[in-house]
>>> print(open('query.txt').read())   # compact mmCIF, C-alpha atoms and all ligand atoms
# COMPACT_ATOMS: atom_id res chain seq x y z
CA MET X 221 158.68 -55.89 159.31
CA ASN X 222 155.67 -58.05 158.52
CA MET X 223 152.93 -55.50 157.86
CA SER X 224 149.28 -56.47 157.95
CA VAL X 225 147.16 -56.10 154.84
CA LEU X 226 145.41 -53.18 156.51
CA GLU X 227 148.72 -51.45 157.25
CA ARG X 228 149.89 -52.03 153.68
CA CYS X 229 146.71 -50.46 152.29
CA ARG X 230 146.96 -47.54 154.67
CA ALA X 231 150.61 -46.97 153.77
CA PHE X 232 149.59 -45.71 150.32
CA GLU X 233 145.87 -45.01 150.38
CA ALA X 234 144.81 -41.38 150.34
CA SER X 235 142.13 -40.25 152.75
CA GLY X 236 138.42 -40.42 152.03
CA MET X 237 137.75 -44.15 151.78
CA ARG X 238 135.46 -45.90 154.26
CA SER X 239 137.30 -47.06 157.34
CA PRO X 240 135.17 -49.21 159.64
CA LEU X 241 136.31 -50.11 163.13
CA ASN X 242 137.46 -53.69 162.57
CA PRO X 243 137.40 -54.27 158.83
CA ILE X 244 137.46 -57.86 157.62
CA VAL X 245 140.25 -58.53 155.17
CA LEU X 246 138.36 -60.46 152.52
CA GLU X 247 140.11 -63.25 150.69
CA ARG X 248 137.43 -65.47 149.21
CA ALA X 249 133.66 -65.83 148.85
CA GLN X 250 131.23 -68.55 147.86
CA GLY X 251 127.46 -68.40 147.82
CA ALA X 252 126.42 -66.74 151.06
CA TYR X 253 129.79 -67.20 152.74
CA LEU X 254 132.83 -64.94 152.99
CA PHE X 255 136.30 -65.95 154.15
CA ASP X 256 138.94 -63.65 155.58
CA ASN X 257 142.69 -63.88 155.07
CA GLU X 258 143.03 -66.10 158.14
CA GLY X 259 140.47 -68.58 156.84
CA ARG X 260 137.69 -67.46 159.15
CA ARG X 261 134.20 -67.97 157.69
CA TYR X 262 131.38 -65.41 157.85
CA LEU X 263 127.76 -65.72 156.82
CA ASP X 264 127.00 -62.76 154.59
CA LEU X 265 123.63 -61.23 155.48
CA SER X 266 124.64 -57.94 153.86
CA GLY X 267 125.28 -58.90 150.24
CA LEU X 268 128.36 -56.66 150.62
CA PHE X 269 126.67 -53.33 149.85
CA ALA X 270 123.56 -55.31 148.75
CA VAL X 271 125.29 -56.52 145.59
CA ALA X 272 125.27 -60.31 145.86
CA SER X 273 121.70 -60.96 144.64
CA VAL X 274 122.76 -64.17 142.87
CA GLY X 275 125.23 -65.00 145.62
CA HIS X 276 128.98 -64.59 145.60
CA ASN X 277 130.86 -66.25 142.75
CA HIS X 278 127.79 -67.98 141.33
CA PRO X 279 129.19 -70.83 139.17
CA ALA X 280 127.25 -69.67 136.09
CA VAL X 281 128.67 -66.16 136.43
CA VAL X 282 132.19 -67.48 137.06
CA ASP X 283 131.97 -69.67 133.95
CA ALA X 284 130.74 -66.75 131.84
CA VAL X 285 133.55 -64.53 133.12
CA ILE X 286 136.24 -67.15 132.41
CA GLN X 287 134.90 -67.89 128.94
CA GLN X 288 134.59 -64.23 128.06
CA ALA X 289 138.04 -63.43 129.44
CA ARG X 290 139.42 -66.04 127.03
CA ASP X 291 137.45 -64.65 124.07
CA LEU X 292 137.45 -60.87 124.46
CA MET X 293 137.83 -58.65 127.50
CA HIS X 294 138.14 -55.06 126.41
CA CYS X 295 135.65 -53.95 123.79
CA PRO X 296 135.18 -50.19 123.38
CA SER X 297 131.73 -48.73 122.91
CA ALA X 298 132.55 -47.94 119.26
CA ASN X 299 132.63 -51.69 118.56
CA PRO X 300 129.37 -53.64 118.78
CA SER X 301 129.73 -57.17 120.07
CA ARG X 302 127.57 -60.27 120.51
CA VAL X 303 127.87 -59.89 124.27
CA ARG X 304 126.63 -56.31 124.17
CA ALA X 305 123.58 -57.44 122.13
CA GLU X 306 122.96 -60.24 124.64
CA PHE X 307 123.22 -57.77 127.50
CA TYR X 308 120.57 -55.49 126.00
CA GLU X 309 118.29 -58.45 125.25
CA ALA X 310 118.70 -59.82 128.76
CA VAL X 311 117.99 -56.44 130.43
CA ALA X 312 114.97 -55.86 128.14
CA SER X 313 113.63 -59.30 129.08
CA ILE X 314 113.37 -58.31 132.77
CA ALA X 315 112.54 -54.59 132.41
CA PRO X 316 108.99 -53.21 132.27
CA LYS X 317 108.01 -53.48 128.59
CA GLU X 318 107.56 -49.69 128.21
CA LEU X 319 111.26 -49.24 129.03
CA ASN X 320 112.79 -50.60 125.87
CA ARG X 321 115.91 -48.47 125.35
CA ILE X 322 119.08 -49.06 127.30
CA LEU X 323 122.38 -47.31 127.90
CA PRO X 324 125.06 -49.21 129.77
CA ALA X 325 126.93 -47.67 132.70
CA ILE X 326 129.69 -48.86 134.99
CA THR X 327 128.47 -47.68 138.38
CA GLY X 328 125.12 -46.81 139.85
CA ALA X 329 126.28 -43.22 140.30
CA MET X 330 127.14 -43.03 136.61
CA ALA X 331 123.71 -44.40 135.67
CA ASN X 332 121.98 -41.79 137.84
CA GLU X 333 124.15 -38.92 136.56
CA THR X 334 123.29 -39.99 133.03
CA ALA X 335 119.57 -40.27 133.76
CA ILE X 336 119.59 -36.73 135.20
CA ARG X 337 121.45 -35.52 132.11
CA ILE X 338 118.83 -37.13 129.83
CA ALA X 339 116.13 -35.24 131.74
CA LYS X 340 118.13 -32.01 131.64
CA THR X 341 118.65 -32.33 127.90
CA ARG X 342 114.89 -31.86 127.56
CA ARG X 343 114.69 -29.09 130.13
CA PRO X 344 118.15 -27.56 130.50
CA GLN X 345 117.08 -25.01 133.11
CA GLY X 346 114.82 -27.47 134.89
CA GLU X 347 115.08 -28.23 138.60
CA VAL X 348 115.52 -31.71 140.04
CA ILE X 349 113.33 -32.89 142.91
CA THR X 350 114.95 -35.28 145.36
CA PHE X 351 114.07 -36.55 148.83
CA SER X 352 115.44 -36.60 152.35
CA GLY X 353 117.42 -39.73 153.07
CA SER X 354 118.00 -40.48 149.39
CA TYR X 355 121.16 -42.11 148.12
CA PHE X 356 122.02 -42.06 144.44
CA GLY X 357 125.79 -42.57 144.57
CA ARG X 358 128.87 -40.68 145.61
CA SER X 359 130.38 -39.32 142.38
CA PRO X 360 130.63 -35.51 142.28
CA GLY X 361 127.95 -35.36 139.59
CA ILE X 362 125.26 -37.02 141.70
CA VAL X 363 126.14 -36.63 145.39
CA GLY X 364 124.50 -33.19 145.33
CA LEU X 365 121.16 -35.04 145.34
CA ALA X 366 122.01 -37.19 148.39
CA GLY X 367 119.78 -36.76 151.41
CA LYS X 368 122.77 -36.84 153.73
CA ALA X 369 124.66 -33.54 153.48
CA ASN X 370 127.70 -35.06 155.19
CA TYR X 371 128.37 -37.14 152.06
CA ARG X 372 129.32 -33.97 150.19
CA GLU X 373 130.67 -31.70 152.89
CA SER X 374 134.35 -32.61 152.67
CA LEU X 375 134.12 -32.57 148.85
CA GLY X 376 132.88 -28.99 148.83
CA ILE X 377 129.79 -29.90 146.81
CA GLN X 378 126.52 -28.05 147.26
CA ALA X 379 123.03 -29.53 147.28
CA ALA X 380 121.98 -29.84 143.64
CA GLY X 381 118.21 -30.21 143.86
CA GLN X 382 115.10 -29.34 145.80
CA PHE X 383 114.66 -31.67 148.77
CA LEU X 384 111.31 -32.89 150.02
CA PRO X 385 110.67 -35.26 152.92
CA TYR X 386 110.40 -38.93 151.96
CA PRO X 387 107.15 -40.19 153.47
CA ALA X 388 107.56 -43.46 155.29
CA THR X 389 105.80 -45.99 157.36
CA GLY X 390 108.65 -45.89 159.83
CA GLU X 391 110.91 -43.56 161.67
CA THR X 392 110.86 -40.31 159.73
CA GLY X 393 107.53 -39.11 161.09
CA PHE X 394 106.21 -38.14 157.65
CA ARG X 395 103.77 -40.99 157.53
CA SER X 396 101.46 -39.72 154.85
CA SER X 397 102.17 -38.65 151.28
CA ASN X 398 99.71 -35.75 151.51
CA ASN X 399 102.04 -33.04 152.79
CA VAL X 400 104.80 -34.07 150.44
CA ILE X 401 102.60 -34.03 147.35
CA GLU X 402 100.96 -30.75 148.40
CA THR X 403 104.39 -29.16 148.83
CA LEU X 404 105.50 -30.51 145.48
CA ASN X 405 102.41 -29.08 143.76
CA SER X 406 102.97 -25.74 145.43
CA LEU X 407 106.68 -25.67 144.44
CA ALA X 408 105.69 -26.37 140.85
CA GLY X 409 103.00 -23.69 140.89
CA PRO X 410 103.31 -20.23 139.32
CA ALA X 411 104.68 -18.72 142.53
CA GLY X 412 106.55 -21.81 143.70
CA GLY X 413 109.87 -20.13 143.02
CA ILE X 414 111.68 -22.99 141.31
CA GLY X 415 110.30 -22.80 137.78
CA GLU X 416 110.22 -25.78 135.47
CA ILE X 417 110.99 -29.23 136.86
CA ALA X 418 113.18 -31.50 134.73
CA ALA X 419 113.01 -34.61 136.86
CA VAL X 420 111.85 -36.21 140.07
CA ILE X 421 114.38 -38.83 141.16
CA VAL X 422 113.40 -41.30 143.84
CA GLU X 423 114.21 -44.68 145.33
CA PRO X 424 111.01 -46.79 145.45
CA VAL X 425 112.23 -48.08 148.81
CA GLN X 426 115.22 -46.32 150.33
CA GLY X 427 118.21 -48.59 150.79
CA ASN X 428 120.97 -46.58 152.40
CA GLY X 429 118.23 -44.75 154.33
CA GLY X 430 117.44 -48.08 156.04
CA VAL X 431 114.81 -50.00 154.01
CA VAL X 432 112.42 -47.07 154.25
CA ILE X 433 109.11 -48.11 152.66
CA PRO X 434 106.83 -45.31 151.46
CA PRO X 435 103.03 -45.36 151.75
CA SER X 436 101.40 -47.15 148.82
CA ASP X 437 100.07 -43.95 147.23
CA PHE X 438 103.42 -42.12 147.13
CA LEU X 439 104.91 -43.38 143.86
CA PRO X 440 101.54 -43.33 142.00
CA ARG X 441 101.10 -39.70 143.07
CA LEU X 442 104.62 -38.84 141.93
CA ARG X 443 103.77 -40.54 138.62
CA ALA X 444 100.63 -38.41 138.31
CA PHE X 445 102.59 -35.25 139.16
CA CYS X 446 105.15 -36.00 136.45
CA ASP X 447 102.38 -36.74 133.94
CA GLN X 448 100.80 -33.37 134.71
CA THR X 449 103.98 -31.30 134.63
CA GLY X 450 106.03 -33.14 132.01
CA ALA X 451 108.87 -33.77 134.46
CA LEU X 452 110.56 -37.15 134.02
CA LEU X 453 110.09 -39.70 136.78
CA ILE X 454 113.43 -41.38 137.42
CA ILE X 455 113.22 -44.44 139.67
CA ASP X 456 116.48 -45.68 141.10
CA GLU X 457 116.26 -49.49 141.34
CA ILE X 458 119.98 -49.90 141.91
CA GLN X 459 119.57 -51.40 145.37
CA SER X 460 115.86 -52.23 145.34
CA GLY X 461 115.89 -54.05 142.00
CA CYS X 462 116.98 -57.49 140.79
CA GLY X 463 114.50 -59.25 143.07
CA ARG X 464 115.64 -57.68 146.33
CA SER X 465 112.14 -56.46 147.29
CA GLY X 466 110.35 -59.70 146.38
CA LYS X 467 109.54 -58.51 142.88
CA MET X 468 112.04 -57.94 140.10
CA TRP X 469 111.59 -54.16 140.59
CA ALA X 470 110.33 -52.53 143.78
CA SER X 471 108.24 -50.07 141.73
CA GLN X 472 106.09 -53.07 140.70
CA HIS X 473 104.73 -53.17 144.27
CA PHE X 474 103.22 -49.76 143.54
CA ASN X 475 102.19 -50.44 139.92
CA VAL X 476 104.27 -47.55 138.69
CA VAL X 477 106.39 -47.46 135.54
CA PRO X 478 108.95 -44.66 135.52
CA ASP X 479 110.20 -42.76 132.47
CA LEU X 480 113.77 -43.75 133.28
CA MET X 481 114.93 -46.51 135.59
CA THR X 482 118.48 -46.95 136.81
CA ILE X 483 119.82 -50.37 137.69
CA GLY X 484 123.15 -51.63 139.07
CA LYS X 485 124.58 -53.64 141.97
CA GLY X 486 123.14 -57.18 141.58
CA ILE X 487 122.69 -56.88 137.82
CA GLY X 488 126.41 -57.54 137.23
CA GLY X 489 126.56 -60.71 139.34
CA GLY X 490 129.55 -59.18 141.16
CA MET X 491 131.06 -57.26 138.25
CA ALA X 492 130.86 -53.49 137.61
CA VAL X 493 127.68 -53.12 135.57
CA ALA X 494 124.85 -50.60 135.72
CA ALA X 495 122.42 -49.20 133.17
CA ILE X 496 119.79 -46.63 132.37
CA VAL X 497 116.62 -48.23 131.01
CA GLY X 498 113.99 -45.88 129.63
CA LYS X 499 111.17 -44.99 127.35
CA SER X 500 112.22 -44.65 123.77
CA GLU X 501 110.96 -41.05 123.44
CA TYR X 502 113.43 -39.87 126.09
CA MET X 503 116.29 -42.24 125.28
CA THR X 504 116.76 -41.42 121.60
CA SER X 505 117.54 -37.71 121.53
CA TRP X 506 121.33 -37.75 121.93
CA ARG X 507 123.56 -37.49 118.86
CA PRO X 508 126.11 -40.28 118.29
CA ASP X 509 129.23 -39.89 120.44
CA SER X 510 127.47 -37.93 123.17
CA TYR X 511 128.08 -40.68 125.72
CA SER X 512 131.09 -42.90 126.23
CA SER X 513 133.69 -44.21 128.62
CA THR X 514 136.67 -46.44 127.92
CA PHE X 515 135.34 -49.44 129.83
CA LEU X 516 131.63 -48.78 129.30
CA THR X 517 131.01 -51.98 127.36
CA ASN X 518 133.71 -54.18 128.85
CA ASN X 519 132.69 -57.58 127.61
CA VAL X 520 133.67 -59.53 130.73
CA ASN X 521 131.42 -57.28 132.79
CA LEU X 522 128.54 -57.59 130.34
CA ALA X 523 128.91 -61.38 130.05
CA ALA X 524 128.71 -61.60 133.85
CA ALA X 525 125.49 -59.54 133.78
CA VAL X 526 123.93 -61.76 131.12
CA ALA X 527 124.72 -64.83 133.23
CA ALA X 528 123.43 -63.17 136.41
CA ILE X 529 120.14 -62.19 134.76
CA ARG X 530 119.66 -65.79 133.58
CA VAL X 531 120.26 -67.00 137.13
CA MET X 532 117.65 -64.53 138.43
CA GLN X 533 115.16 -65.88 135.90
CA ASN X 534 116.02 -69.58 136.09
CA GLU X 535 116.08 -69.68 139.89
CA ASP X 536 113.08 -67.28 140.15
CA LEU X 537 114.99 -65.26 142.72
CA ALA X 538 112.33 -62.56 143.10
CA ALA X 539 109.83 -65.18 144.29
CA ARG X 540 112.46 -66.71 146.56
CA SER X 541 113.19 -63.28 148.00
CA GLU X 542 109.48 -62.75 148.69
CA ARG X 543 109.09 -66.14 150.38
CA LEU X 544 112.27 -66.10 152.50
CA GLY X 545 111.87 -62.39 153.23
CA ALA X 546 108.34 -62.80 154.61
CA LYS X 547 109.57 -65.55 156.96
CA ALA X 548 112.62 -63.57 158.05
CA LEU X 549 110.56 -60.45 158.74
CA LYS X 550 108.00 -62.38 160.75
CA LYS X 551 110.67 -64.05 162.85
CA LEU X 552 112.59 -60.85 163.56
CA GLN X 553 109.38 -58.98 164.38
CA GLN X 554 108.22 -61.75 166.70
CA HIS X 555 111.46 -61.78 168.65
CA LEU X 556 112.64 -58.18 168.52
CA GLN X 557 109.76 -55.80 167.87
CA ASN X 558 108.75 -55.46 171.50
CA LEU X 559 112.22 -55.07 172.98
CA PRO X 560 113.07 -51.70 174.47
CA SER X 561 115.27 -49.68 172.08
CA VAL X 562 113.85 -51.42 169.01
CA GLU X 563 111.73 -48.81 167.29
CA GLU X 564 110.65 -50.88 164.33
CA VAL X 565 111.43 -54.05 162.41
CA ARG X 566 110.37 -53.57 158.80
CA GLY X 567 111.10 -55.14 155.46
CA ILE X 568 110.05 -55.96 151.94
CA GLY X 569 111.38 -59.09 150.28
CA LEU X 570 114.69 -60.34 151.58
CA TRP X 571 115.54 -56.83 152.73
CA VAL X 572 114.88 -56.23 156.40
CA ALA X 573 115.79 -53.41 158.77
CA ILE X 574 116.00 -53.39 162.54
CA ASP X 575 115.63 -49.73 163.47
CA PHE X 576 116.92 -48.68 166.88
CA GLY X 577 115.45 -45.17 166.70
CA LEU X 578 116.61 -41.97 165.05
CA SER X 579 119.11 -40.79 167.66
CA SER X 580 122.77 -41.11 168.56
CA GLU X 581 121.75 -43.81 171.06
CA GLY X 582 120.05 -45.72 168.21
CA ALA X 583 123.23 -45.43 166.16
CA ARG X 584 125.33 -46.61 169.10
CA ILE X 585 123.19 -49.72 169.55
CA ALA X 586 123.22 -50.48 165.81
CA SER X 587 126.99 -50.22 165.78
CA LEU X 588 127.29 -52.55 168.81
CA VAL X 589 124.98 -55.06 167.11
CA LEU X 590 127.06 -55.03 163.92
CA GLN X 591 130.24 -55.59 165.92
CA GLY X 592 128.60 -58.31 168.02
CA LEU X 593 127.42 -60.07 164.87
CA GLN X 594 130.85 -59.88 163.29
CA GLN X 595 132.37 -61.47 166.39
CA LYS X 596 129.92 -64.34 165.90
CA GLY X 597 130.74 -64.72 162.21
CA ILE X 598 127.78 -62.84 160.72
CA ILE X 599 128.05 -59.80 158.47
CA ALA X 600 125.04 -57.48 158.34
CA GLY X 601 124.74 -54.02 156.84
CA GLY X 602 124.40 -50.65 158.50
CA GLY X 603 122.17 -47.81 157.37
CA GLY X 604 119.47 -45.38 158.38
CA TYR X 605 119.34 -41.61 158.42
CA ALA X 606 121.51 -41.51 161.54
CA GLY X 607 123.21 -44.90 161.21
CA GLN X 608 120.58 -46.39 163.54
CA VAL X 609 119.59 -49.34 161.37
CA VAL X 610 120.95 -52.88 161.07
CA LYS X 611 120.02 -54.09 157.63
CA ILE X 612 119.95 -57.52 156.09
CA ALA X 613 120.19 -57.92 152.32
CA PRO X 614 121.67 -61.41 151.91
CA PRO X 615 122.23 -63.27 148.67
CA LEU X 616 118.78 -64.25 147.37
CA THR X 617 120.25 -67.71 146.84
CA ILE X 618 121.03 -68.19 150.55
CA GLU X 619 120.15 -71.64 151.89
CA GLU X 620 117.10 -71.44 154.10
CA ALA X 621 118.86 -73.21 156.98
CA ASP X 622 121.77 -70.76 156.83
CA LEU X 623 119.39 -67.83 156.90
CA GLU X 624 117.53 -69.31 159.89
CA GLU X 625 120.77 -69.82 161.78
CA GLY X 626 121.95 -66.30 160.95
CA LEU X 627 118.66 -64.83 162.16
CA ASP X 628 118.81 -66.84 165.40
CA THR X 629 122.28 -65.44 166.06
CA MET X 630 121.06 -61.97 165.21
CA ILE X 631 118.17 -62.24 167.65
CA SER X 632 120.42 -63.40 170.47
CA VAL X 633 123.04 -60.69 169.77
CA VAL X 634 120.40 -57.92 169.76
CA ARG X 635 118.83 -59.31 172.94
CA ASP X 636 122.21 -59.54 174.68
CA ILE X 637 123.13 -56.00 173.75
CA ILE X 638 119.83 -54.49 174.76
CA CYS X 639 119.18 -56.56 177.85
CA ALA X 640 122.60 -57.47 179.23
CA PRO X 641 125.70 -55.55 180.37
CA GLN X 642 127.31 -54.11 177.28
CA GLN X 643 131.00 -54.12 178.13
CA GLU X 644 131.75 -57.38 176.35
CA TYR X 645 130.62 -55.86 173.04
CA ALA X 646 132.09 -52.40 173.51
C1 LIG X 701 119.83 -46.69 145.59
C2 LIG X 701 121.25 -46.52 145.15
N1 LIG X 701 121.53 -45.76 144.08
C3 LIG X 701 122.79 -45.59 143.64
C4 LIG X 701 123.85 -46.16 144.29
C5 LIG X 701 125.24 -45.91 143.80
O1 LIG X 701 125.75 -47.01 143.14
P1 LIG X 701 127.33 -47.13 142.96
O2 LIG X 701 127.90 -47.24 144.33
O3 LIG X 701 127.50 -48.35 142.11
O4 LIG X 701 127.79 -45.88 142.28
C6 LIG X 701 123.62 -46.96 145.42
C7 LIG X 701 124.74 -47.59 146.13
O5 LIG X 701 124.66 -47.97 147.25
C8 LIG X 701 122.29 -47.14 145.86
O6 LIG X 701 122.01 -47.87 146.95
>>> encode(input="query.txt", output="structure tokens")
Amino acid sequence: MNMSVLERCRAFEASGMRSPLNPIVLERAQGAYLFDNEGRRYLDLSGLFAVASVGHNHPAVVDAVIQQARDLMHCPSANPSRVRAEFYEAVASIAPKELNRILPAITGAMANETAIRIAKTRRPQGEVITFSGSYFGRSPGIVGLAGKANYRESLGIQAAGQFLPYPATGETGFRSSNNVIETLNSLAGPAGGIGEIAAVIVEPVQGNGGVVIPPSDFLPRLRAFCDQTGALLIIDEIQSGCGRSGKMWASQHFNVVPDLMTIGKGIGGGMAVAAIVGKSEYMTSWRPDSYSSTFLTNNVNLAAAVAAIRVMQNEDLAARSERLGAKALKKLQQHLQNLPSVEEVRGIGLWVAIDFGLSSEGARIASLVLQGLQQKGIIAGGGGYAGQVVKIAPPLTIEEADLEEGLDTMISVVRDIICAPQQEYA
């Protein structure tokens, strides 16, 4: 019997992995294009989990990977290497200057777990403040801080922090920071009931939540709260960083420097790289051999990150993201904002969300749009608190004409689904 790739995967795969309706069997990628195993081409407006900041298989990253694979692949954390030094120098060259100590990690979840552990080393009994709609990764050590309880339900993991609403300009209804900050101050007060706070962990713009942009005073007020209480401010730039928001780091839009910043996704140019970048006073308390993992400093991964960071700098991708993102947002707002069922079109940098409203109907429309786009050879991302958002986070290197064409298709698919009989997309 000639089994399909999907059937072969399912024959052995345990349960728990993502299983979308009509998954594309990926074979190849180049720039902003993906190709399936039958040679069909798709324009990638999703960055495949918002990873492809420098584009898929950027030639400079591919060259670095090939060269490094020839020289040295596996290099344990007990052995320093030139590539590891280059990685630290490259990360330091794009990080806020106050954040001058770095620990590597392999996944974003690992970086966030480690950042929380650094904060808890200072205040072992301290609470962690997190926010509704947050996403910090799915490993058992961090999923307890996720805003979506369903991410931990089948794992039997409890909520691991104190949740506050994330104020937003969009759908959540908590439009001002005032209530959130007042509640935080009250929780931290003598009768607040939670005692000392070790850390406040926050996305500067929520990614999985659906490009949720907070009011401009939110992060500065969290910064002030942490300064007053001695809690560490951990900003997760795993999705929002590397130029995605139109600046290298989204927290720069709010003029806030965290105590610890976690980075991942685009930083590895397509390879498994993440890191914790922090202030020296918090990043230098662990004894040697407190932190390790077999593949923590894999030199092929780190060489890819060094190459990707150079691409971000040389091609000024943050500025490109700002420029192309502003055009994309304007166009999508012009054509979609006033349609029935479209609650909001919002964005920052080349990171735009079409929000169909926080309801099961909104989620149904978003899902139809994603399927309709896929049928037309366009891959966009899903997201939102209820799955009601269609998100674009394309490679920041995408050709302007390709982006334009992709947006035109997106506009016509959304229009068709909202305004025309829906059977053909069902
Ligand atoms: C903001 C944010 N933090 C953390 C993570 C987790 O990263 P990883 O999937 O590499 O563990 C993600 C992944 O989507 C993310 O968007």
>>> residues_near_ligand(input="query.txt", ligand="ligand LIG 701 (chain X)", cutoff="9 Å", atoms="only C-alpha atoms and all ligand atoms", output="ChimeraX atom specification")
/X:269-271,326-332,354-359,422-429,456-460,482-485,492-494
>>> closest_residue(input="query.txt", among="X:Ala369, X:Ile401, X:Leu263, X:Ala418", to="Ile599 of chain X", atoms="all atoms listed in the file")
X:Leu263
>>> residues_around(input="query.txt", residues="segment 276-283 of chain X", least_positions_apart="6", cutoff="8 Å", atoms="all atoms listed in the file", output="PyMOL selection string")
chain X and resi 249-253+489-490+523-525+527-528+531+615
>>> residues_around(input="query.txt", residues="segment 495-503 of chain X", least_positions_apart="6", cutoff="7 Å", atoms="all atoms listed in the file", output="VMD selection string")
chain X and resid 318 to 325 331 335 479 to 484
>>> residues_around(input="query.txt", residues="Phe255 of chain X", least_positions_apart="3", cutoff="10 Å", atoms="all atoms listed in the file", output="PyMOL selection string")
chain X and resi 244-250+258-264+597
>>> closest_residue(input="query.txt", among="X:Gly430, X:Ala539, X:Val633, X:Leu559", to="Gly607 of chain X", atoms="all atoms listed in the file")
X:Gly430
>>> decode(input="query.txt", residues="segment 321-326 of chain X", atoms="all heavy atoms", output="PDB file, in the first residue's frame")
ATOM      1  N   ARG X 321      24.428  40.462  29.605  1.00  0.00           N
ATOM      2  CA  ARG X 321      24.783  39.079  29.935  1.00  0.00           C
ATOM      3  C   ARG X 321      23.787  38.152  29.254  1.00  0.00           C
ATOM      4  O   ARG X 321      22.582  38.433  29.216  1.00  0.00           O
ATOM      5  CB  ARG X 321      24.734  38.855  31.448  1.00  0.00           C
ATOM      6  CG  ARG X 321      25.844  39.546  32.178  1.00  0.00           C
ATOM      7  CD  ARG X 321      27.120  38.732  32.095  1.00  0.00           C
ATOM      8  NE  ARG X 321      28.247  39.518  32.532  1.00  0.00           N
ATOM      9  CZ  ARG X 321      29.496  39.068  32.535  1.00  0.00           C
ATOM     10  NH1 ARG X 321      29.771  37.843  32.101  1.00  0.00           N
ATOM     11  NH2 ARG X 321      30.464  39.828  32.941  1.00  0.00           N
ATOM     12  N   ILE X 322      24.313  37.046  28.750  1.00  0.00           N
ATOM     13  CA  ILE X 322      23.486  36.190  27.900  1.00  0.00           C
ATOM     14  C   ILE X 322      23.619  34.737  28.334  1.00  0.00           C
ATOM     15  O   ILE X 322      24.726  34.288  28.669  1.00  0.00           O
ATOM     16  CB  ILE X 322      23.952  36.315  26.426  1.00  0.00           C
ATOM     17  CG1 ILE X 322      23.828  37.776  25.965  1.00  0.00           C
ATOM     18  CG2 ILE X 322      23.146  35.393  25.506  1.00  0.00           C
ATOM     19  CD1 ILE X 322      24.729  38.141  24.800  1.00  0.00           C
ATOM     20  N   LEU X 323      22.515  34.023  28.360  1.00  0.00           N
ATOM     21  CA  LEU X 323      22.564  32.561  28.445  1.00  0.00           C
ATOM     22  C   LEU X 323      21.860  32.013  27.210  1.00  0.00           C
ATOM     23  O   LEU X 323      20.744  32.474  26.889  1.00  0.00           O
ATOM     24  CB  LEU X 323      21.831  32.047  29.693  1.00  0.00           C
ATOM     25  CG  LEU X 323      22.590  32.067  31.018  1.00  0.00           C
ATOM     26  CD1 LEU X 323      21.679  31.590  32.150  1.00  0.00           C
ATOM     27  CD2 LEU X 323      23.855  31.210  30.979  1.00  0.00           C
ATOM     28  N   PRO X 324      22.473  31.059  26.546  1.00  0.00           N
ATOM     29  CA  PRO X 324      21.782  30.476  25.390  1.00  0.00           C
ATOM     30  C   PRO X 324      20.654  29.548  25.840  1.00  0.00           C
ATOM     31  O   PRO X 324      20.654  29.071  26.969  1.00  0.00           O
ATOM     32  CB  PRO X 324      22.886  29.676  24.687  1.00  0.00           C
ATOM     33  CG  PRO X 324      23.904  29.402  25.739  1.00  0.00           C
ATOM     34  CD  PRO X 324      23.779  30.446  26.802  1.00  0.00           C
ATOM     35  N   ALA X 325      19.715  29.305  24.959  1.00  0.00           N
ATOM     36  CA  ALA X 325      18.666  28.304  25.183  1.00  0.00           C
ATOM     37  C   ALA X 325      18.337  27.695  23.821  1.00  0.00           C
ATOM     38  O   ALA X 325      18.828  28.183  22.793  1.00  0.00           O
ATOM     39  CB  ALA X 325      17.436  28.946  25.812  1.00  0.00           C
ATOM     40  N   ILE X 326      17.540  26.641  23.848  1.00  0.00           N
ATOM     41  CA  ILE X 326      17.250  25.967  22.578  1.00  0.00           C
ATOM     42  C   ILE X 326      15.857  26.353  22.071  1.00  0.00           C
ATOM     43  O   ILE X 326      15.646  26.538  20.879  1.00  0.00           O
ATOM     44  CB  ILE X 326      17.373  24.430  22.756  1.00  0.00           C
ATOM     45  CG1 ILE X 326      18.799  24.099  23.226  1.00  0.00           C
ATOM     46  CG2 ILE X 326      17.049  23.696  21.454  1.00  0.00           C
ATOM     47  CD1 ILE X 326      18.957  22.717  23.796  1.00  0.00           C
TER      48      ILE X 326
END
